[in-house]
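Student: The structure that follows is given in the form of structure tokens.
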Amino acid sequence: MADRSPYEMNPEFERLIVRQLDEMATPDEELALNRELIRNPQARALAEEYRRIDGLAHDALIRFASAAPNSPNLAQITRSQETASVPRYSRMWWLLPSAMAAAVAIMVTFRGTMLPESRPAWTVPSQGSFTSTALPSGTSAQEPIRAASGLRPANRDLDSEVMGVVGEDGSIYWIEVDRTRTVRDPKADSSVRLTSGDM
Amino acid sequence: MTKPMPRPDAFDAEDAVIEAIAARDRYALDDFVRRHQGWVRGVVFGVLGRPNAVDDVVQQVWTSVWERVGELRDPRAWRPWLYRLARNAAVDAGRELTRRRKFSRVLQNEFGSRGQATRPESAAMESEAQRVVLDAIAGLPALYREPFVLRHVNGWSYQQIADLMEMPVDSVETRLVRARRMLRESLQGKV
């Protein structure tokens, strides 16, 4: 432990020294400190010791901060994210096969409502495409020959409807429409007519 | 003895560089590291107080910058963001080192040693006096060491230190005074 002089025990004097070292002292503080340093050699010796140690500390810290014997490995830094992502992908190896299995399971489960062969017998037999295909140019749609409304939907939110339209060339065009299920009035006509805007 | 204080490091704008890093520009990161490595090392040393472990922690800090720069919503706030990254990394490293030292005497000797002839930064020290002083600084309580290092390495004002450490300016000043006092006492008769 250092020998303490009366000045060391004076917190205000010590604070002024430190503020001066940090170049934070106001002109008034500088004046007060300098007056004391001029007046008292003991105070001057103490301030000089603070300044010497602070200078050594400053030099040591600056040297340490700028030394960086092992400078950052930028290649390793910028590669870290790429390599870090590998384990994430490797942990997801099961995702693709699981998704495929789930898709197969869904198709098998809902095969009765999703595949064209499952359409009710009273619908027009399949002869053409089962997709929503625009009518060929030069033809016009006639009245729907049959509209199947209220088929069991593939899920609770959708209501699938299938319509067959005979073109002027005699071909049958199947139109499948999925609608969000709504509550229908049972007395209302359940047939749905498609307009060109719906297609 | 006059000491050349570094030019006060203004809280300058690095918006363009930060955005370039976010766009995965490695040259921008290199540029950024070169400019700010010194004070980041100072922050880590100020918190950790273990010169031997500083380089590894600093490496972690720059890795975090590269990986997490996307989280920085306001590029103008890069400096407090980087300070927190460095400080948190140093705190985590300090905990880890403490845990290792607690359970392994071998690791204690390796990580907890100070002033050993084999430590790498000793080669960078020009004088024995500086090494002794650095050890004395490392021996300060973190409470006082951190603002002391920030002040010296970065040349930041009391207000800037207070802003970064999220404490009143008066507290910064008090800690700096106590740091000087403790340092003087610990170095009595050594330098």
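Here, A, B, ... name the chains of the structure tokens in the order displayed, residue numbers run from 1 inside each chain, and ligands are numbered from 1 in the same displayed order.
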Can you list, as a PDB file with N, CA and C atoms, in the first residue's frame, every protein, DNA or RNA residue that comes within 9 Å of Leu187 (chain B) when you count only C-alpha atoms, leaving out same-chain residues fewer than 6 positions away?
Tutor:
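Final output, saved to selection-v6.pdb:
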ATOM      1  N   ALA A   2       0.505   2.192  -0.798  1.00  0.00           N
ATOM      2  CA  ALA A   2       1.325   3.396  -0.898  1.00  0.00           C
ATOM      3  C   ALA A   2       1.196   4.240   0.363  1.00  0.00           C
ATOM      4  N   ILE A  53       2.397   7.352 -14.240  1.00  0.00           N
ATOM      5  CA  ILE A  53       1.736   6.042 -14.290  1.00  0.00           C
ATOM      6  C   ILE A  53       0.673   6.023 -15.376  1.00  0.00           C
TER       7      ILE A  53
ATOM      8  N   VAL B 132       4.501  -4.807 -16.798  1.00  0.00           N
ATOM      9  CA  VAL B 132       4.062  -4.725 -15.401  1.00  0.00           C
ATOM     10  C   VAL B 132       2.801  -3.865 -15.280  1.00  0.00           C
ATOM     11  N   VAL B 133       2.782  -2.776 -16.018  1.00  0.00           N
ATOM     12  CA  VAL B 133       1.616  -1.885 -15.960  1.00  0.00           C
ATOM     13  C   VAL B 133       0.388  -2.584 -16.525  1.00  0.00           C
ATOM     14  N   ALA B 136      -0.942  -4.844 -14.091  1.00  0.00           N
ATOM     15  CA  ALA B 136      -1.621  -4.111 -13.020  1.00  0.00           C
ATOM     16  C   ALA B 136      -3.017  -3.675 -13.465  1.00  0.00           C
TER      17      ALA B 136
END
Student: Could you state the separation of CA of Leu176 (chain B) and CA of Val18 (chain A) in Å, given to one decimal place?
Tutor: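 CA of Val18 (chain A) lies 7.5 Å from CA of Leu176 (chain B).
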Student: Taking only C-alpha atoms into account, which of A:Leu74, A:Leu56, A:Ile62, A:Ile172 comes nearest Leu150 (chain B)?
Tutor: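 Nearest to Leu150 (chain B): A:Ile62.
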Student: Taking into account only C-alpha atoms, which residue in the set B:Arg68, B:Arg73, B:Arg41, B:Arg35 is nearest to chain A?
Tutor: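 Among the listed residues, the smallest separation from chain A belongs to B:Arg41.
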Student: Between CA of Val153 (chain B) and CA of Leu16 (chain A), measure the distance and give it in Å to one decimal.
Tutor: 21.2 Å
Student: Go through B:Leu82, B:Ile137, B:Ala89, B:Val169 and flag the residue nearest chain A, using only C-alpha atoms for the distances.
Tutor: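 Checking each candidate against chain A, we get B:Ile137 as the closest.
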Student: If we count only C-alpha atoms and set the cut-off at 10 Å, which residues sit around Val58 (chain B), ignoring sequence neighbours fewer than 4 positions away in its own chain? Please answer as a PDB file with N, CA and C atoms, in the first residue's frame.
Tutor:
ATOM      1  N   ALA A  68      -2.208  -6.906 -31.719  1.00  0.00           N
ATOM      2  CA  ALA A  68      -2.958  -7.942 -32.436  1.00  0.00           C
ATOM      3  C   ALA A  68      -2.054  -8.987 -33.040  1.00  0.00           C
ATOM      4  N   ASN A  70      -2.331 -12.052 -33.234  1.00  0.00           N
ATOM      5  CA  ASN A  70      -3.130 -12.983 -34.029  1.00  0.00           C
ATOM      6  C   ASN A  70      -4.307 -12.207 -34.608  1.00  0.00           C
ATOM      7  N   SER A  71      -4.066 -11.578 -35.753  1.00  0.00           N
ATOM      8  CA  SER A  71      -5.127 -10.772 -36.329  1.00  0.00           C
ATOM      9  C   SER A  71      -6.291 -11.671 -36.726  1.00  0.00           C
ATOM     10  N   PRO A  72      -7.478 -11.097 -36.732  1.00  0.00           N
ATOM     11  CA  PRO A  72      -8.642 -11.914 -37.041  1.00  0.00           C
ATOM     12  C   PRO A  72      -8.515 -12.626 -38.380  1.00  0.00           C
TER      13      PRO A  72
ATOM     14  N   GLN B  37     -10.404  -2.485 -34.908  1.00  0.00           N
ATOM     15  CA  GLN B  37      -9.888  -3.598 -34.117  1.00  0.00           C
ATOM     16  C   GLN B  37      -9.267  -3.124 -32.805  1.00  0.00           C
ATOM     17  N   VAL B  40     -11.894  -2.346 -30.155  1.00  0.00           N
ATOM     18  CA  VAL B  40     -12.610  -3.570 -29.793  1.00  0.00           C
ATOM     19  C   VAL B  40     -11.730  -4.441 -28.892  1.00  0.00           C
ATOM     20  N   ARG B  41     -10.453  -4.503 -29.220  1.00  0.00           N
ATOM     21  CA  ARG B  41      -9.522  -5.218 -28.333  1.00  0.00           C
ATOM     22  C   ARG B  41      -9.490  -4.575 -26.960  1.00  0.00           C
ATOM     23  N   GLY B  42      -9.544  -3.251 -26.958  1.00  0.00           N
ATOM     24  CA  GLY B  42      -9.555  -2.554 -25.679  1.00  0.00           C
ATOM     25  C   GLY B  42     -10.786  -2.879 -24.860  1.00  0.00           C
ATOM     26  N   VAL B  43     -11.929  -2.911 -25.514  1.00  0.00           N
ATOM     27  CA  VAL B  43     -13.165  -3.251 -24.797  1.00  0.00           C
ATOM     28  C   VAL B  43     -13.078  -4.661 -24.221  1.00  0.00           C
ATOM     29  N   VAL B  44     -12.628  -5.587 -25.035  1.00  0.00           N
ATOM     30  CA  VAL B  44     -12.555  -6.977 -24.579  1.00  0.00           C
ATOM     31  C   VAL B  44     -11.579  -7.103 -23.410  1.00  0.00           C
ATOM     32  N   PHE B  45     -10.424  -6.454 -23.550  1.00  0.00           N
ATOM     33  CA  PHE B  45      -9.457  -6.513 -22.451  1.00  0.00           C
ATOM     34  C   PHE B  45     -10.003  -5.814 -21.212  1.00  0.00           C
ATOM     35  N   ALA B  53      -6.449 -14.207 -23.490  1.00  0.00           N
ATOM     36  CA  ALA B  53      -7.699 -14.666 -24.086  1.00  0.00           C
ATOM     37  C   ALA B  53      -8.319 -13.648 -25.029  1.00  0.00           C
ATOM     38  N   VAL B  54      -7.714 -12.480 -25.122  1.00  0.00           N
ATOM     39  CA  VAL B  54      -8.345 -11.390 -25.869  1.00  0.00           C
ATOM     40  C   VAL B  54      -8.493 -11.726 -27.348  1.00  0.00           C
ATOM     41  N   TRP B  62     -15.796 -10.456 -34.281  1.00  0.00           N
ATOM     42  CA  TRP B  62     -15.907 -10.179 -35.720  1.00  0.00           C
ATOM     43  C   TRP B  62     -16.756 -11.232 -36.420  1.00  0.00           C
ATOM     44  N   THR B  63     -16.699 -12.431 -35.928  1.00  0.00           N
ATOM     45  CA  THR B  63     -17.597 -13.450 -36.481  1.00  0.00           C
ATOM     46  C   THR B  63     -19.053 -13.068 -36.228  1.00  0.00           C
ATOM     47  N   SER B  64     -19.314 -12.567 -35.035  1.00  0.00           N
ATOM     48  CA  SER B  64     -20.681 -12.138 -34.719  1.00  0.00           C
ATOM     49  C   SER B  64     -21.098 -10.965 -35.597  1.00  0.00           C
ATOM     50  N   LEU B  85     -21.683  -6.168 -28.604  1.00  0.00           N
ATOM     51  CA  LEU B  85     -21.196  -7.476 -29.071  1.00  0.00           C
ATOM     52  C   LEU B  85     -19.875  -7.826 -28.387  1.00  0.00           C
ATOM     53  N   ALA B  86     -18.952  -6.864 -28.380  1.00  0.00           N
ATOM     54  CA  ALA B  86     -17.639  -7.104 -27.790  1.00  0.00           C
ATOM     55  C   ALA B  86     -17.755  -7.335 -26.291  1.00  0.00           C
ATOM     56  N   ALA B  89     -19.398 -10.725 -25.550  1.00  0.00           N
ATOM     57  CA  ALA B  89     -18.465 -11.823 -25.853  1.00  0.00           C
ATOM     58  C   ALA B  89     -17.407 -11.936 -24.760  1.00  0.00           C
ATOM     59  N   ALA B  90     -16.936 -10.791 -24.280  1.00  0.00           N
ATOM     60  CA  ALA B  90     -15.923 -10.813 -23.223  1.00  0.00           C
ATOM     61  C   ALA B  90     -16.502 -11.341 -21.911  1.00  0.00           C
TER      62      ALA B  90
END
Student: Each residue of chain B with at least one atom at most 7 Å from chain A should appear once, together with its nearest atom pair and the corresponding distance in Å (one decimal); atoms considered: only C-alpha atoms; ordering: chain, then increasing residue number; output as JSON lines.
Tutor:
{"residue": "B:Met1", "atom": "CA", "partner": "A:Arg52", "partner_atom": "CA", "distance": 5.8}
{"residue": "B:Lys3", "atom": "CA", "partner": "A:Gly55", "partner_atom": "CA", "distance": 5.5}
{"residue": "B:Asp30", "atom": "CA", "partner": "A:Leu74", "partner_atom": "CA", "distance": 7.0}
{"residue": "B:Gly38", "atom": "CA", "partner": "A:Ala65", "partner_atom": "CA", "distance": 4.7}
{"residue": "B:Trp39", "atom": "CA", "partner": "A:Ala65", "partner_atom": "CA", "distance": 6.7}
{"residue": "B:Arg41", "atom": "CA", "partner": "A:Ala65", "partner_atom": "CA", "distance": 5.4}
{"residue": "B:Gly42", "atom": "CA", "partner": "A:Ala65", "partner_atom": "CA", "distance": 5.7}
{"residue": "B:Asp55", "atom": "CA", "partner": "A:Asn70", "partner_atom": "CA", "distance": 6.4}
{"residue": "B:Gln59", "atom": "CA", "partner": "A:Pro72", "partner_atom": "CA", "distance": 5.3}
{"residue": "B:Trp62", "atom": "CA", "partner": "A:Ile77", "partner_atom": "CA", "distance": 6.9}
{"residue": "B:Thr63", "atom": "CA", "partner": "A:Ile77", "partner_atom": "CA", "distance": 4.9}
{"residue": "B:Trp66", "atom": "CA", "partner": "A:Thr78", "partner_atom": "CA", "distance": 6.6}
{"residue": "B:Glu67", "atom": "CA", "partner": "A:Gln81", "partner_atom": "CA", "distance": 6.4}
{"residue": "B:Glu121", "atom": "CA", "partner": "A:Pro69", "partner_atom": "CA", "distance": 6.7}
{"residue": "B:Ala124", "atom": "CA", "partner": "A:Ala67", "partner_atom": "CA", "distance": 6.4}
{"residue": "B:Gln130", "atom": "CA", "partner": "A:Ala60", "partner_atom": "CA", "distance": 5.1}
{"residue": "B:Val133", "atom": "CA", "partner": "A:Ala57", "partner_atom": "CA", "distance": 5.9}
{"residue": "B:Leu134", "atom": "CA", "partner": "A:Ala60", "partner_atom": "CA", "distance": 6.0}
{"residue": "B:His152", "atom": "CA", "partner": "A:His58", "partner_atom": "CA", "distance": 5.6}
{"residue": "B:Val153", "atom": "CA", "partner": "A:Ile62", "partner_atom": "CA", "distance": 5.6}
{"residue": "B:Val177", "atom": "CA", "partner": "A:Val18", "partner_atom": "CA", "distance": 6.1}
{"residue": "B:Arg184", "atom": "CA", "partner": "A:Ile53", "partner_atom": "CA", "distance": 6.8}
{"residue": "B:Glu185", "atom": "CA", "partner": "A:Ala2", "partner_atom": "CA", "distance": 5.3}
{"residue": "B:Gln188", "atom": "CA", "partner": "A:Ala2", "partner_atom": "CA", "distance": 6.1}
Student: Please return, as a PyMOL selection string, all residues of region 11-43 of chain B that DSSP assigns to helix (DSSP H, G or I) on the basis of the backbone.
Tutor: chain B and resi 15-22+26-43
Student: Could you take the residues named above and write them with C-alpha atoms, as a PDB file, in the first residue's frame?
Tutor:
ATOM      1  CA  ASP B  15     -23.385   3.485 -42.741  1.00  0.00           C
ATOM      2  CA  ALA B  16     -22.056   2.554 -46.148  1.00  0.00           C
ATOM      3  CA  VAL B  17     -19.576   0.056 -44.778  1.00  0.00           C
ATOM      4  CA  ILE B  18     -22.159  -1.530 -42.510  1.00  0.00           C
ATOM      5  CA  GLU B  19     -24.562  -1.890 -45.398  1.00  0.00           C
ATOM      6  CA  ALA B  20     -21.829  -3.396 -47.531  1.00  0.00           C
ATOM      7  CA  ILE B  21     -21.061  -5.929 -44.815  1.00  0.00           C
ATOM      8  CA  ALA B  22     -24.739  -6.750 -44.617  1.00  0.00           C
ATOM      9  CA  ARG B  26     -15.844  -9.348 -47.323  1.00  0.00           C
ATOM     10  CA  TYR B  27     -13.643  -6.447 -48.299  1.00  0.00           C
ATOM     11  CA  ALA B  28     -15.925  -4.134 -46.376  1.00  0.00           C
ATOM     12  CA  LEU B  29     -15.566  -6.345 -43.332  1.00  0.00           C
ATOM     13  CA  ASP B  30     -11.793  -6.307 -43.712  1.00  0.00           C
ATOM     14  CA  ASP B  31     -11.848  -2.532 -43.920  1.00  0.00           C
ATOM     15  CA  PHE B  32     -14.115  -2.281 -40.904  1.00  0.00           C
ATOM     16  CA  VAL B  33     -11.957  -4.616 -38.841  1.00  0.00           C
ATOM     17  CA  ARG B  34      -8.791  -2.689 -39.605  1.00  0.00           C
ATOM     18  CA  ARG B  35     -10.311   0.566 -38.453  1.00  0.00           C
ATOM     19  CA  HIS B  36     -11.927  -0.659 -35.274  1.00  0.00           C
ATOM     20  CA  GLN B  37      -9.888  -3.598 -34.117  1.00  0.00           C
ATOM     21  CA  GLY B  38      -7.914  -1.491 -31.656  1.00  0.00           C
ATOM     22  CA  TRP B  39     -10.781  -0.268 -29.557  1.00  0.00           C
ATOM     23  CA  VAL B  40     -12.610  -3.570 -29.793  1.00  0.00           C
ATOM     24  CA  ARG B  41      -9.522  -5.218 -28.333  1.00  0.00           C
ATOM     25  CA  GLY B  42      -9.555  -2.554 -25.679  1.00  0.00           C
ATOM     26  CA  VAL B  43     -13.165  -3.251 -24.797  1.00  0.00           C
TER      27      VAL B  43
END
Student: Calculate how many Å separate CA of Pro41 (chain A) from CA of Arg151 (chain B), rounding to one decimal.
Tutor: 28.5 Å
